[in-house]
Amino acid sequence: MDAFYFDGRSSRRHAARLDALPGCLSLTLPSGEQRRVPLADIRVSEPLGKAPRTLRFSGGDFCEAPQNAELLALLNTIGYRQSVAVRLQSRWRWAVFAFVFLALTTGAAHRWLLPWGAKIAAPHVSLSFMDRLSAEVIMMLDGQLLKKSRLDGARQKEISEGFKKLAVADPELASRQSYLRLYFRDFSQPNAFCLPGGQIVLLDKLVELSANNDEIIAVLAHEIGHFRERHAVRRLIQSSVVGVIAAVYFGDISSLLSGLTTILLELSYSRDMEREADDYAIAALRRQGISPIALANALKKLSAAHEKRDAAHENKEKRKDFRAIVSGWLSSHPGSDERIHRITTAASQAPEDSGK
């Protein structure tokens with residue numbers, strides 16, 4: 001068959017003829033020069049539609065030949081066999097199997113492997129870096145959404161003292177005490193949330209919604225649980241890994257790195273993380289002599305408040321802007337019936353039983 005020959009030193013192509021012999025290829029150039037190339041010294045490119053295929057030789061030179069039946073017959077004659085991957089790709093059943101397998105393994109990695117890896121990596125992430133990143137989030141929220149707290153100084157001091165008692169009572173937080181800080185802010189919805197740097201934000205509406213200090217302390221204990229277990233860092237790692245993989249395939253990794261604060265705002269905790277934070281809160285409240293029922297009551301009130309908000313807005317189109325994203329995130333902690341049931345059950349048990 002006819003082909004084009006390239007000497008590997010220039011882009012100039014030469015007409016050539018390829019002849020198949022048992023175990024080798026005979027190459028004839030217009031000058032009359034002939035070469036025999038053993039099969040072991042030939043590397044054939046994979047087929048890609050109707051694109052020409054490349055036959056590379058050990059000396060760095062190569063030939064280009066059209067992808068057709070003639071080429072396949074020539075390769076078959078010299079004893080060349082397609083790789084397993086090429087043979088499988090040419091069969092639609094194997095292609096479907098590969099697609100399904102890839103989808104399942106990707107889903108499994110995202111569901112189990114990625115959270116496990118994030119849990120291992122989170123303790124090694126610098127808290128000072130997370131503190132700076134969280135400070136940027138606070139500035140962003142203060143500039144566009146949150147307002148200065150309307151609580152008087154005495155009320156803030158009272159809550160802050162209860163918050164400090166929670167943190168001091170846990171010896172595992174001793175090395176991170178300086179990062180745990182409580183911020184008071186005002187917002188249209190009741191809530192509290194913890195940033196990965198240890199900044200816990202308590203919103204005025206939650207204080208107004210609570211019947212007593214025990215319910216406020218219960219919610220703060222839950223948020224300290226998120227910080228203690230590095231939940232926000234773990235979720236940030238998971239989201240960043242997914243973003244990096246997407247950036248590798250689609251480009252523009254710089255936008256991912258520069259948008260970490262926005263990514264952080266869109267994080268939400270998994271059910272397992274919420275359970276871990278609830279379990280921590282239950283133990284922390286018992287250390288303070290407070291019944292875990294206080295946490296269940298707070299979650300009931302939060303759930304009712306958010307359900308009321310959702311009912312009021314169910315017929316309104318949601319705005320896809322920064323304020324809408326952050327507003328939804330700040331309201332992402334309503335208690336579920338499952339969590340409330342778990343907490344109520346734990347409260348009815350003796351402390352030594354609930355820890356089993």
# chains A, B, ... in the order shown; residues from 1 in each chain; ligands from 1
$ select_by_dssp --residues "stretch 148-179 of chain A" --states "alpha helix (DSSP H)" --output "list in words"
Gly153, Ala154, Arg155, Gln156, Lys157, Glu158, Ile159, Ser160, Glu161, Gly162, Phe163, Lys164, Lys165, Leu166, Ala167 and Val168 of chain A
$ write_last_selection --atoms "N, CA and C atoms" --output "short mmCIF file (atom, residue, chain, number, x, y, z; two decimals), in the first residue's frame"
data_model
loop_
_atom_site.label_atom_id
_atom_site.label_comp_id
_atom_site.auth_asym_id
_atom_site.auth_seq_id
_atom_site.Cartn_x
_atom_site.Cartn_y
_atom_site.Cartn_z
N GLY A 153 -24.92 44.60 75.51
CA GLY A 153 -23.64 44.07 75.95
C GLY A 153 -23.75 43.04 77.05
N ALA A 154 -24.65 43.25 77.97
CA ALA A 154 -24.82 42.31 79.09
C ALA A 154 -25.29 40.95 78.59
N ARG A 155 -26.21 40.94 77.62
CA ARG A 155 -26.72 39.67 77.06
C ARG A 155 -25.61 38.96 76.30
N GLN A 156 -24.85 39.69 75.53
CA GLN A 156 -23.74 39.09 74.78
C GLN A 156 -22.70 38.50 75.74
N LYS A 157 -22.42 39.21 76.82
CA LYS A 157 -21.43 38.73 77.80
C LYS A 157 -21.91 37.45 78.46
N GLU A 158 -23.20 37.39 78.79
CA GLU A 158 -23.78 36.21 79.43
C GLU A 158 -23.65 34.98 78.54
N ILE A 159 -23.98 35.16 77.26
CA ILE A 159 -23.88 34.03 76.31
C ILE A 159 -22.42 33.67 76.08
N SER A 160 -21.55 34.65 75.98
CA SER A 160 -20.13 34.40 75.74
C SER A 160 -19.50 33.59 76.86
N GLU A 161 -19.89 33.87 78.09
CA GLU A 161 -19.36 33.12 79.24
C GLU A 161 -19.78 31.65 79.18
N GLY A 162 -21.04 31.40 78.81
CA GLY A 162 -21.48 30.02 78.64
C GLY A 162 -20.74 29.33 77.52
N PHE A 163 -20.45 30.07 76.45
CA PHE A 163 -19.70 29.53 75.32
C PHE A 163 -18.28 29.15 75.74
N LYS A 164 -17.63 30.00 76.53
CA LYS A 164 -16.27 29.73 76.98
C LYS A 164 -16.22 28.50 77.87
N LYS A 165 -17.24 28.32 78.72
CA LYS A 165 -17.28 27.14 79.59
C LYS A 165 -17.34 25.85 78.76
N LEU A 166 -18.09 25.89 77.67
CA LEU A 166 -18.17 24.73 76.79
C LEU A 166 -16.80 24.37 76.23
N ALA A 167 -16.09 25.39 75.74
CA ALA A 167 -14.80 25.16 75.10
C ALA A 167 -13.74 24.69 76.09
N VAL A 168 -13.72 25.32 77.28
CA VAL A 168 -12.71 24.98 78.29
C VAL A 168 -12.91 23.58 78.82
#
$ residues_around --residues "A:His226" --least-positions-apart "3" --cutoff "9 Å" --atoms "only C-alpha atoms" --output "list in words"
Cys194, Leu195, Pro196, Ala221, His222, Glu223, Glu229, Arg230, His231, Ala232, Met273, Glu274, Glu276, Ala277 and Tyr280 of chain A
$ select_by_dssp --residues "stretch 14-73 of chain A" --states "strand (DSSP E or B)" --output "JSON, numbers by chain"
{"A": [14, 15, 16, 17, 18, 19, 20, 21, 24, 25, 26, 27, 28, 34, 35, 36, 37, 38, 42, 43, 44, 53, 54, 55, 56, 57, 62, 63, 64, 65]}
$ residues_around --residues "A:Ala20" --least-positions-apart "4" --cutoff "12 Å" --atoms "only C-alpha atoms" --output "PyMOL selection string"
chain A and resi 1-2+24-28+35-39+70-80
$ atom_distance --atom1 "atom CA of A:Ser128" --atom2 "atom CA of A:Ile200"
15.6 Å
$ atom_distance --atom1 "atom CA of A:Leu299" --atom2 "atom CA of A:Arg234"
23.7 Å
$ atom_distance --atom1 "atom CA of A:Ala174" --atom2 "atom CA of A:Leu127"
13.7 Å
$ residues_around --residues "stretch 106-111 of chain A" --least-positions-apart "5" --cutoff "9 Å" --atoms "only C-alpha atoms" --output "PyMOL selection string"
chain A and resi 101+238+242
$ residues_around --residues "stretch 142-148 of chain A" --least-positions-apart "2" --cutoff "7 Å" --atoms "only C-alpha atoms" --output "number ranges by chain"
A: 138-140, 150, 185-187, 323
$ write_last_selection --atoms "C-alpha atoms" --output "CSV table (one decimal), in the first residue's frame"
chain,number,residue,atom,x,y,z
A,138,ILE,CA,-17.0,37.1,57.7
A,139,MET,CA,-16.0,40.3,55.9
A,140,MET,CA,-17.9,39.3,52.8
A,150,ARG,CA,-28.9,44.3,68.4
A,185,ARG,CA,-24.7,39.3,64.2
A,186,ASP,CA,-28.2,40.2,63.1
A,187,PHE,CA,-30.0,38.5,60.2
A,323,ARG,CA,-27.4,37.1,48.5
